[in-house]
>>> print(open('coords-v9.csv').read())   # CSV, C-alpha atoms
chain,number,residue,atom,x,y,z
A,14,MET,CA,85.5,33.0,-11.4
A,15,ASP,CA,89.0,31.8,-10.9
A,16,LEU,CA,90.4,31.1,-14.4
A,17,GLY,CA,93.3,29.1,-13.1
A,18,LEU,CA,96.0,31.1,-14.7
A,19,GLY,CA,97.9,32.0,-11.6
A,20,ASP,CA,100.6,29.4,-12.2
A,21,LYS,CA,100.7,29.5,-16.0
A,22,THR,CA,103.1,31.1,-18.4
A,23,ALA,CA,101.5,32.7,-21.5
A,24,LEU,CA,103.4,33.7,-24.7
A,25,VAL,CA,101.7,36.2,-27.0
A,26,THR,CA,103.1,36.7,-30.4
A,27,GLY,CA,102.8,40.3,-31.7
A,28,GLY,CA,102.4,41.2,-28.1
A,29,GLY,CA,103.5,44.7,-28.6
A,30,GLY,CA,100.7,45.5,-31.0
A,31,ARG,CA,97.2,46.9,-30.3
A,32,ILE,CA,95.3,43.6,-29.8
A,33,GLY,CA,98.3,41.7,-28.7
A,34,SER,CA,99.1,44.1,-25.9
A,35,GLU,CA,95.5,43.9,-24.6
A,36,ASP,CA,95.8,40.1,-24.6
A,37,CYS,CA,99.0,40.4,-22.6
A,38,GLU,CA,97.5,42.8,-20.1
A,39,THR,CA,94.3,40.8,-19.6
A,40,LEU,CA,96.1,37.5,-19.2
A,41,ALA,CA,98.4,39.2,-16.7
A,42,ALA,CA,95.5,40.5,-14.7
A,43,GLU,CA,94.4,36.9,-14.2
A,44,GLY,CA,97.8,36.1,-12.7
A,45,ALA,CA,99.6,34.6,-15.7
A,46,GLU,CA,103.3,35.2,-16.3
A,47,ILE,CA,103.6,36.9,-19.7
A,48,VAL,CA,106.1,36.6,-22.5
A,49,VAL,CA,105.5,39.6,-24.8
A,50,LEU,CA,107.1,38.4,-28.1
A,51,ASP,CA,107.4,40.8,-30.9
A,52,VAL,CA,109.8,41.7,-33.7
A,53,ASP,CA,109.7,45.3,-32.2
A,54,GLN,CA,111.7,45.1,-29.0
A,55,ASP,CA,110.7,48.6,-27.9
A,56,GLY,CA,107.0,47.8,-28.3
A,57,ALA,CA,107.4,44.6,-26.4
A,58,GLU,CA,109.3,46.3,-23.6
A,59,THR,CA,106.6,49.0,-23.3
A,60,VAL,CA,103.9,46.3,-22.7
A,61,ALA,CA,106.1,44.3,-20.4
A,62,ASP,CA,107.0,47.4,-18.3
A,63,GLY,CA,103.3,48.3,-18.0
A,64,ILE,CA,102.5,44.8,-16.7
A,65,GLU,CA,105.4,44.9,-14.2
A,66,ASP,CA,104.3,48.4,-13.0
A,67,ASP,CA,100.8,46.9,-12.3
A,68,GLY,CA,102.4,44.1,-10.2
A,69,GLY,CA,102.5,41.4,-12.8
A,70,THR,CA,105.4,39.4,-14.2
A,71,ALA,CA,106.4,39.9,-17.9
A,72,HIS,CA,109.3,39.4,-20.2
A,73,ALA,CA,109.9,41.4,-23.4
A,74,VAL,CA,111.4,39.2,-26.1
A,75,GLU,CA,112.4,40.1,-29.6
A,76,CYS,CA,112.0,37.5,-32.2
A,77,ASP,CA,111.4,37.2,-36.0
A,78,LEU,CA,108.7,34.5,-36.4
A,79,THR,CA,109.7,34.0,-40.1
A,80,ASP,CA,113.2,32.8,-39.1
A,81,ARG,CA,112.9,29.2,-37.8
A,82,GLU,CA,116.3,29.2,-36.3
A,83,ASP,CA,115.6,32.4,-34.4
A,84,VAL,CA,112.3,31.0,-33.2
A,85,ALA,CA,113.8,27.7,-32.0
A,86,THR,CA,116.6,29.5,-30.1
A,87,THR,CA,114.2,32.0,-28.6
A,88,ILE,CA,111.7,29.5,-27.4
A,89,GLU,CA,114.4,27.4,-25.8
A,90,ALA,CA,115.7,30.5,-23.9
A,91,ILE,CA,112.1,31.3,-22.8
A,92,ARG,CA,111.6,27.7,-21.6
A,93,GLU,CA,114.8,27.9,-19.5
A,94,GLU,CA,113.8,31.2,-18.0
A,95,THR,CA,110.2,30.5,-17.2
A,96,GLY,CA,110.1,26.7,-16.9
A,97,GLY,CA,107.8,26.2,-19.9
A,98,ILE,CA,105.0,27.7,-21.9
A,99,ASP,CA,101.5,26.8,-21.0
A,100,VAL,CA,99.5,29.1,-23.2
A,101,LEU,CA,100.4,30.2,-26.7
A,102,VAL,CA,98.4,33.1,-28.4
A,103,ASN,CA,99.2,33.2,-32.1
A,104,ASN,CA,98.4,36.8,-32.6
A,105,ALA,CA,101.1,38.3,-34.8
A,106,GLY,CA,99.9,39.2,-38.3
A,107,MET,CA,100.1,41.8,-41.1
A,108,VAL,CA,97.0,43.5,-42.4
A,109,ASP,CA,98.2,46.6,-44.1
A,110,ALA,CA,97.9,45.6,-47.8
A,111,ARG,CA,94.9,46.3,-50.0
A,112,ALA,CA,94.7,45.8,-53.8
A,113,ARG,CA,92.7,43.7,-56.3
A,114,VAL,CA,94.4,40.4,-57.0
A,115,GLU,CA,95.6,41.4,-60.5
A,116,ASN,CA,97.4,44.4,-58.9
A,117,PHE,CA,98.6,42.6,-55.8
A,118,GLU,CA,102.4,42.7,-55.2
A,119,ASP,CA,104.1,39.3,-55.0
A,120,ASP,CA,106.5,40.4,-52.2
A,121,ILE,CA,103.5,41.4,-50.1
A,122,TRP,CA,101.9,38.0,-50.7
A,123,GLU,CA,105.1,36.2,-49.6
A,124,ARG,CA,105.5,38.5,-46.6
A,125,ASP,CA,102.0,37.9,-45.3
A,126,LEU,CA,102.2,34.2,-45.9
A,127,ALA,CA,105.5,34.1,-44.0
A,128,VAL,CA,104.3,36.2,-41.0
A,129,ASN,CA,100.6,35.3,-40.7
A,130,LEU,CA,100.8,31.6,-41.4
A,131,THR,CA,104.3,30.3,-41.4
A,132,GLY,CA,105.1,32.4,-38.3
A,133,SER,CA,102.3,30.8,-36.4
A,134,TYR,CA,103.6,27.4,-37.6
A,135,ASN,CA,107.2,28.1,-36.6
A,136,VAL,CA,106.4,29.0,-33.0
A,137,THR,CA,103.7,26.4,-32.5
A,138,ARG,CA,105.9,23.5,-33.6
A,139,GLU,CA,108.4,24.6,-30.9
A,140,VAL,CA,105.8,24.8,-28.1
A,141,PHE,CA,103.2,22.2,-28.9
A,142,PRO,CA,105.2,19.0,-28.1
A,143,ALA,CA,106.1,20.1,-24.6
A,144,MET,CA,102.5,21.0,-23.9
A,145,CYS,CA,101.5,17.5,-24.9
A,146,GLU,CA,104.2,15.9,-22.8
A,147,ARG,CA,103.1,17.9,-19.7
A,148,GLY,CA,99.5,17.0,-20.3
A,149,TRP,CA,98.2,20.6,-20.3
A,150,GLY,CA,98.2,23.4,-22.8
A,151,ARG,CA,96.2,26.1,-24.5
A,152,ILE,CA,96.6,27.4,-28.0
A,153,VAL,CA,94.6,30.4,-29.2
A,154,THR,CA,95.1,31.4,-32.8
A,155,MET,CA,93.9,34.7,-34.2
A,156,SER,CA,92.0,34.5,-37.5
A,157,SER,CA,89.5,37.1,-38.8
A,158,MET,CA,86.1,37.5,-40.3
A,159,ALA,CA,88.1,37.9,-43.5
A,160,GLY,CA,89.2,34.3,-43.1
A,161,TRP,CA,85.5,33.2,-43.0
A,162,GLN,CA,84.0,35.5,-45.6
A,163,GLY,CA,86.9,36.9,-47.6
A,164,GLY,CA,87.9,40.6,-47.8
A,165,PHE,CA,87.8,42.7,-50.9
A,166,GLY,CA,91.4,43.7,-51.8
A,167,GLN,CA,92.8,41.5,-49.0
A,168,ILE,CA,93.8,38.4,-50.9
A,169,SER,CA,96.9,37.6,-48.8
A,170,TYR,CA,95.3,38.5,-45.4
A,171,SER,CA,92.1,36.5,-46.1
A,172,ALA,CA,93.9,33.5,-47.5
A,173,THR,CA,96.3,33.3,-44.5
A,174,LYS,CA,93.5,33.9,-42.0
A,175,ALA,CA,91.4,31.1,-43.6
A,176,ALA,CA,94.4,28.8,-43.4
A,177,LEU,CA,94.8,29.5,-39.7
A,178,ILE,CA,91.3,28.1,-39.1
A,179,GLY,CA,92.4,24.7,-40.5
A,180,PHE,CA,95.6,25.1,-38.6
A,181,GLY,CA,93.9,25.6,-35.3
A,182,LYS,CA,91.4,22.7,-35.9
A,183,THR,CA,94.2,20.3,-36.7
A,184,LEU,CA,96.1,21.2,-33.5
A,185,ALA,CA,92.8,20.5,-31.6
A,186,LEU,CA,92.7,17.0,-33.1
A,187,GLU,CA,96.4,16.3,-32.4
A,188,GLY,CA,96.2,17.6,-28.8
A,189,ALA,CA,92.8,16.3,-27.8
A,190,GLN,CA,94.1,13.3,-25.9
A,191,SER,CA,97.0,15.1,-24.3
A,192,GLY,CA,95.2,17.9,-22.4
A,193,VAL,CA,95.9,20.5,-25.0
A,194,THR,CA,93.1,22.5,-26.5
A,195,SER,CA,93.3,24.7,-29.6
A,196,ASN,CA,90.7,27.3,-30.6
A,197,VAL,CA,90.5,30.1,-33.1
A,198,VAL,CA,89.2,33.7,-32.5
A,199,ALA,CA,87.8,35.5,-35.5
A,200,PRO,CA,87.2,39.2,-34.9
A,201,SER,CA,85.5,41.7,-37.1
A,202,ILE,CA,86.7,45.3,-37.1
A,203,VAL,CA,88.4,46.4,-33.8
A,204,VAL,CA,88.8,50.1,-33.4
A,205,GLY,CA,89.3,50.9,-29.7
A,206,ALA,CA,87.6,54.0,-28.5
A,207,LEU,CA,85.9,54.7,-31.8
A,208,ALA,CA,83.6,51.8,-31.0
A,209,ASP,CA,81.8,54.2,-28.6
A,210,LEU,CA,80.6,56.3,-31.5
A,211,PRO,CA,77.3,55.6,-33.2
A,212,PRO,CA,77.5,55.0,-36.9
A,213,GLU,CA,76.3,58.5,-37.7
A,214,GLN,CA,79.2,60.1,-35.7
A,215,LEU,CA,81.7,57.5,-36.9
A,216,GLU,CA,80.9,58.5,-40.5
A,217,GLU,CA,82.6,61.9,-39.8
A,218,VAL,CA,85.8,60.0,-38.8
A,219,ASP,CA,85.9,57.1,-41.1
A,220,GLU,CA,83.4,56.3,-43.8
A,221,HIS,CA,84.6,52.7,-44.1
A,222,PHE,CA,84.2,52.0,-40.4
A,223,ALA,CA,80.8,53.7,-40.4
A,224,ARG,CA,79.6,51.5,-43.2
A,225,ILE,CA,80.6,48.3,-41.4
A,226,ALA,CA,79.0,49.6,-38.1
A,227,LYS,CA,75.7,50.2,-39.9
A,228,ALA,CA,75.8,46.6,-41.3
A,229,THR,CA,76.5,45.2,-37.8
A,230,PRO,CA,73.3,44.1,-36.0
A,231,MET,CA,74.7,45.6,-32.7
A,232,ARG,CA,75.4,48.9,-34.7
A,233,GLN,CA,78.9,49.3,-33.3
A,234,LEU,CA,82.4,48.0,-33.9
A,235,GLY,CA,84.6,46.0,-31.5
A,236,ARG,CA,87.1,46.9,-28.9
A,237,GLU,CA,90.5,45.3,-28.1
A,238,GLU,CA,89.2,44.1,-24.8
A,239,ASP,CA,86.3,42.3,-26.5
A,240,VAL,CA,88.9,40.1,-28.1
A,241,ALA,CA,91.2,39.8,-25.1
A,242,ASN,CA,88.5,38.7,-22.8
A,243,LEU,CA,87.7,35.8,-25.1
A,244,VAL,CA,91.3,34.9,-25.6
A,245,THR,CA,91.9,34.8,-21.8
A,246,TYR,CA,88.9,32.6,-21.2
A,247,LEU,CA,90.0,30.1,-24.0
A,248,ALA,CA,93.4,30.1,-22.4
A,249,SER,CA,92.0,29.2,-19.0
A,250,GLU,CA,91.4,26.1,-17.0
A,251,GLN,CA,87.7,26.8,-17.2
A,252,SER,CA,87.7,26.2,-21.0
A,253,SER,CA,89.0,22.6,-20.8
A,254,TYR,CA,86.2,21.1,-22.8
A,255,ILE,CA,86.2,23.6,-25.6
A,256,THR,CA,88.5,22.8,-28.5
A,257,GLY,CA,88.6,23.0,-32.3
A,258,GLN,CA,86.1,25.9,-32.3
A,259,VAL,CA,86.1,29.2,-34.3
A,260,VAL,CA,84.6,31.9,-32.2
A,261,GLY,CA,83.6,35.2,-33.8
A,262,VAL,CA,83.9,38.5,-32.0
A,263,THR,CA,81.7,40.3,-34.5
A,264,GLY,CA,78.7,42.1,-33.0
A,265,GLY,CA,76.7,39.8,-35.3
A,266,ILE,CA,77.9,41.0,-38.7
A,267,ASP,CA,78.4,37.4,-39.8
A,268,LEU,CA,74.6,36.8,-39.3
A,269,PHE,CA,72.3,36.7,-42.3
A,270,SER,CA,69.8,39.5,-41.9
A,271,PHE,CA,67.1,40.8,-44.2
>>> encode(input="coords-v9.csv", output="structure tokens")
Amino acid sequence: MDLGLGDKTALVTGGGGRIGSEDCETLAAEGAEIVVLDVDQDGAETVADGIEDDGGTAHAVECDLTDREDVATTIEAIREETGGIDVLVNNAGMVDARARVENFEDDIWERDLAVNLTGSYNVTREVFPAMCERGWGRIVTMSSMAGWQGGFGQISYSATKAALIGFGKTLALEGAQSGVTSNVVAPSIVVGALADLPPEQLEEVDEHFARIAKATPMRQLGREEDVANLVTYLASEQSSYITGQVVGVTGGIDLFSF
């Protein structure tokens, strides 16, 4: 299937990270020109160089999504270099804090709100109007199962990821008559090669991961490519009648089972 991305430019925030880099590489494999945007310039360059080595086109761009002026200047420079952004993947996010709400640190709450939620807002507001003017655009925003169901000790992460669901649905409404779709991807635990291990072996590596794998109907955790394949489809021409949806990449853990 031709996904129709050969003449598109895709910007992935947090593109130097584990899931973001997989998104970049999968989109590039479909022919898209990639903007790897990350606060870590070295990480962005590593991903962009890998795409270029494989014959694709990629740009490594450093940007602090929490700084609106930096975002505005950066997006304008990207627009001048590439001709415009057709696909935006709001992937950047922080997920390293864990504490009960009474012990949660205020500065971590503010940081996660700034990066996970306001960062997505800052970049989207710079990209969305031009998509609507051109009559074509795809926005894919990364939420989480924690945004659907909460996450013990993850008050800031869960709250921001839940907010991104409403964020993505609102963009779907606002872009619906302008050829711009907006969808939300909600993964469960993504662990790369560890997903190949059955729960019994995984328990020897990480008891937390093993417990979640045992509770998952498919009895395994997710891989980065599971997420990236969905992101790429939602970014494509073939997904033109899909908008405002929240799609889980979960192995069925969100299902009610007896």
>>> residues_around(input="coords-v9.csv", residues="segment 255-268 of chain A", least_positions_apart="5", cutoff="10 Å", atoms="only C-alpha atoms", output="JSON, numbers by chain")
{"A": [151, 152, 153, 154, 155, 156, 157, 158, 161, 162, 178, 179, 180, 181, 182, 183, 184, 185, 186, 188, 189, 193, 194, 195, 196, 197, 198, 199, 200, 201, 202, 203, 225, 226, 227, 228, 229, 230, 231, 232, 233, 234, 235, 236, 239, 240, 243, 244, 247]}
>>> atom_distance(input="coords-v9.csv", atom1="atom CA of Ala172 of chain A", atom2="atom CA of Ile98 of chain A")
28.5 Å
>>> residues_around(input="coords-v9.csv", residues="Gly106 of chain A", least_positions_apart="4", cutoff="8 Å", atoms="only C-alpha atoms", output="list in words")
Gly27, Asp125, Val128 and Asn129 of chain A
>>> residues_around(input="coords-v9.csv", residues="Ala90 of chain A", least_positions_apart="3", cutoff="12 Å", atoms="all atoms listed in the file", output="NGL selection string")
:A and (48 or 72 or 74-76 or 83-87 or 93-98 or 139)
>>> write_last_selection(input="coords-v9.csv", atoms="C-alpha atoms", output="compact mmCIF listing (two decimals), in the coordinates of the input")
# COMPACT_ATOMS: atom_id res chain seq x y z
CA VAL A 48 106.10 36.60 -22.50
CA HIS A 72 109.30 39.40 -20.20
CA VAL A 74 111.40 39.20 -26.10
CA GLU A 75 112.40 40.10 -29.60
CA CYS A 76 112.00 37.50 -32.20
CA ASP A 83 115.60 32.40 -34.40
CA VAL A 84 112.30 31.00 -33.20
CA ALA A 85 113.80 27.70 -32.00
CA THR A 86 116.60 29.50 -30.10
CA THR A 87 114.20 32.00 -28.60
CA GLU A 93 114.80 27.90 -19.50
CA GLU A 94 113.80 31.20 -18.00
CA THR A 95 110.20 30.50 -17.20
CA GLY A 96 110.10 26.70 -16.90
CA GLY A 97 107.80 26.20 -19.90
CA ILE A 98 105.00 27.70 -21.90
CA GLU A 139 108.40 24.60 -30.90
>>> atom_distance(input="coords-v9.csv", atom1="atom CA of Glu250 of chain A", atom2="atom CA of Glu187 of chain A")
18.9 Å
>>> atom_distance(input="coords-v9.csv", atom1="atom CA of Tyr246 of chain A", atom2="atom CA of Val52 of chain A")
26.0 Å
>>> residues_around(input="coords-v9.csv", residues="Ser133 of chain A", least_positions_apart="2", cutoff="9 Å", atoms="all atoms listed in the file", output="mmCIF file with C-alpha atoms, in the frame of the given file")
data_model
loop_
_atom_site.group_PDB
_atom_site.id
_atom_site.type_symbol
_atom_site.label_atom_id
_atom_site.label_comp_id
_atom_site.auth_asym_id
_atom_site.auth_seq_id
_atom_site.Cartn_x
_atom_site.Cartn_y
_atom_site.Cartn_z
ATOM 1 C CA THR A 26 103.100 36.700 -30.400
ATOM 2 C CA LEU A 78 108.700 34.500 -36.400
ATOM 3 C CA THR A 79 109.700 34.000 -40.100
ATOM 4 C CA ASN A 103 99.200 33.200 -32.100
ATOM 5 C CA ASN A 104 98.400 36.800 -32.600
ATOM 6 C CA ALA A 105 101.100 38.300 -34.800
ATOM 7 C CA GLY A 106 99.900 39.200 -38.300
ATOM 8 C CA ALA A 127 105.500 34.100 -44.000
ATOM 9 C CA VAL A 128 104.300 36.200 -41.000
ATOM 10 C CA ASN A 129 100.600 35.300 -40.700
ATOM 11 C CA LEU A 130 100.800 31.600 -41.400
ATOM 12 C CA THR A 131 104.300 30.300 -41.400
ATOM 13 C CA ASN A 135 107.200 28.100 -36.600
ATOM 14 C CA VAL A 136 106.400 29.000 -33.000
ATOM 15 C CA THR A 137 103.700 26.400 -32.500
ATOM 16 C CA ARG A 138 105.900 23.500 -33.600
ATOM 17 C CA THR A 154 95.100 31.400 -32.800
ATOM 18 C CA LEU A 177 94.800 29.500 -39.700
#
>>> residues_around(input="coords-v9.csv", residues="segment 110-121 of chain A", least_positions_apart="6", cutoff="7 Å", atoms="all atoms listed in the file", output="ChimeraX atom specification")
/A:166-168
>>> write_last_selection(input="coords-v9.csv", atoms="C-alpha atoms", output="PDB file, in the frame of the given file")
ATOM      1  CA  GLY A 166      91.400  43.700 -51.800  1.00  0.00           C
ATOM      2  CA  GLN A 167      92.800  41.500 -49.000  1.00  0.00           C
ATOM      3  CA  ILE A 168      93.800  38.400 -50.900  1.00  0.00           C
TER       4      ILE A 168
END
>>> closest_residue(input="coords-v9.csv", among="A:Glu82, A:Asp209, A:Asp20, A:Glu123", to="Thr173 of chain A", atoms="all atoms listed in the file")
A:Glu123
>>> closest_residue(input="coords-v9.csv", among="A:Glu43, A:Glu216, A:Asp36, A:Asp80", to="Tyr134 of chain A", atoms="all atoms listed in the file")
A:Asp80
>>> build_atoms(input="coords-v9.csv", residues="segment 87-110 of chain A", atoms="N, CA and C atoms", output="short mmCIF file (atom, residue, chain, number, x, y, z; two decimals), in the coordinates of the input")
data_model
loop_
_atom_site.label_atom_id
_atom_site.label_comp_id
_atom_site.auth_asym_id
_atom_site.auth_seq_id
_atom_site.Cartn_x
_atom_site.Cartn_y
_atom_site.Cartn_z
N THR A 87 114.95 31.18 -29.51
CA THR A 87 114.20 32.00 -28.60
C THR A 87 113.30 31.23 -27.68
N ILE A 88 112.59 30.27 -28.22
CA ILE A 88 111.70 29.50 -27.40
C ILE A 88 112.46 28.66 -26.37
N GLU A 89 113.61 28.15 -26.74
CA GLU A 89 114.40 27.40 -25.80
C GLU A 89 114.87 28.32 -24.64
N ALA A 90 115.26 29.54 -24.96
CA ALA A 90 115.70 30.50 -23.90
C ALA A 90 114.50 30.84 -23.01
N ILE A 91 113.31 31.01 -23.59
CA ILE A 91 112.10 31.30 -22.80
C ILE A 91 111.80 30.13 -21.87
N ARG A 92 111.92 28.92 -22.41
CA ARG A 92 111.60 27.70 -21.60
C ARG A 92 112.59 27.63 -20.42
N GLU A 93 113.85 27.95 -20.62
CA GLU A 93 114.80 27.90 -19.50
C GLU A 93 114.54 28.96 -18.47
N GLU A 94 114.07 30.13 -18.92
CA GLU A 94 113.80 31.20 -18.00
C GLU A 94 112.53 31.04 -17.20
N THR A 95 111.49 30.52 -17.86
CA THR A 95 110.20 30.50 -17.20
C THR A 95 109.78 29.07 -16.74
N GLY A 96 110.46 28.05 -17.24
CA GLY A 96 110.10 26.70 -16.90
C GLY A 96 109.17 26.03 -17.89
N GLY A 97 108.67 26.79 -18.84
CA GLY A 97 107.80 26.20 -19.90
C GLY A 97 106.68 27.14 -20.26
N ILE A 98 106.14 26.91 -21.42
CA ILE A 98 105.00 27.70 -21.90
C ILE A 98 103.76 26.94 -21.87
N ASP A 99 102.79 27.45 -21.14
CA ASP A 99 101.50 26.80 -21.00
C ASP A 99 100.46 27.25 -21.95
N VAL A 100 100.54 28.52 -22.30
CA VAL A 100 99.50 29.10 -23.20
C VAL A 100 100.27 29.83 -24.32
N LEU A 101 99.83 29.55 -25.54
CA LEU A 101 100.40 30.20 -26.70
C LEU A 101 99.24 30.96 -27.43
N VAL A 102 99.40 32.25 -27.60
CA VAL A 102 98.40 33.10 -28.40
C VAL A 102 99.13 33.46 -29.67
N ASN A 103 98.70 32.84 -30.77
CA ASN A 103 99.20 33.20 -32.10
C ASN A 103 98.51 34.41 -32.61
N ASN A 104 99.05 35.56 -32.26
CA ASN A 104 98.40 36.80 -32.60
C ASN A 104 99.04 37.61 -33.68
N ALA A 105 100.34 37.44 -33.88
CA ALA A 105 101.10 38.30 -34.80
C ALA A 105 100.53 38.14 -36.24
N GLY A 106 100.43 39.26 -36.93
CA GLY A 106 99.90 39.20 -38.30
C GLY A 106 100.03 40.57 -38.98
N MET A 107 100.03 40.54 -40.30
CA MET A 107 100.10 41.80 -41.10
C MET A 107 98.74 41.96 -41.80
N VAL A 108 98.27 43.21 -41.80
CA VAL A 108 97.00 43.50 -42.40
C VAL A 108 96.95 44.85 -43.09
N ASP A 109 98.09 45.26 -43.61
CA ASP A 109 98.20 46.60 -44.10
C ASP A 109 98.09 46.70 -45.66
N ALA A 110 97.95 45.57 -46.35
CA ALA A 110 97.90 45.60 -47.80
C ALA A 110 96.51 45.54 -48.35
#
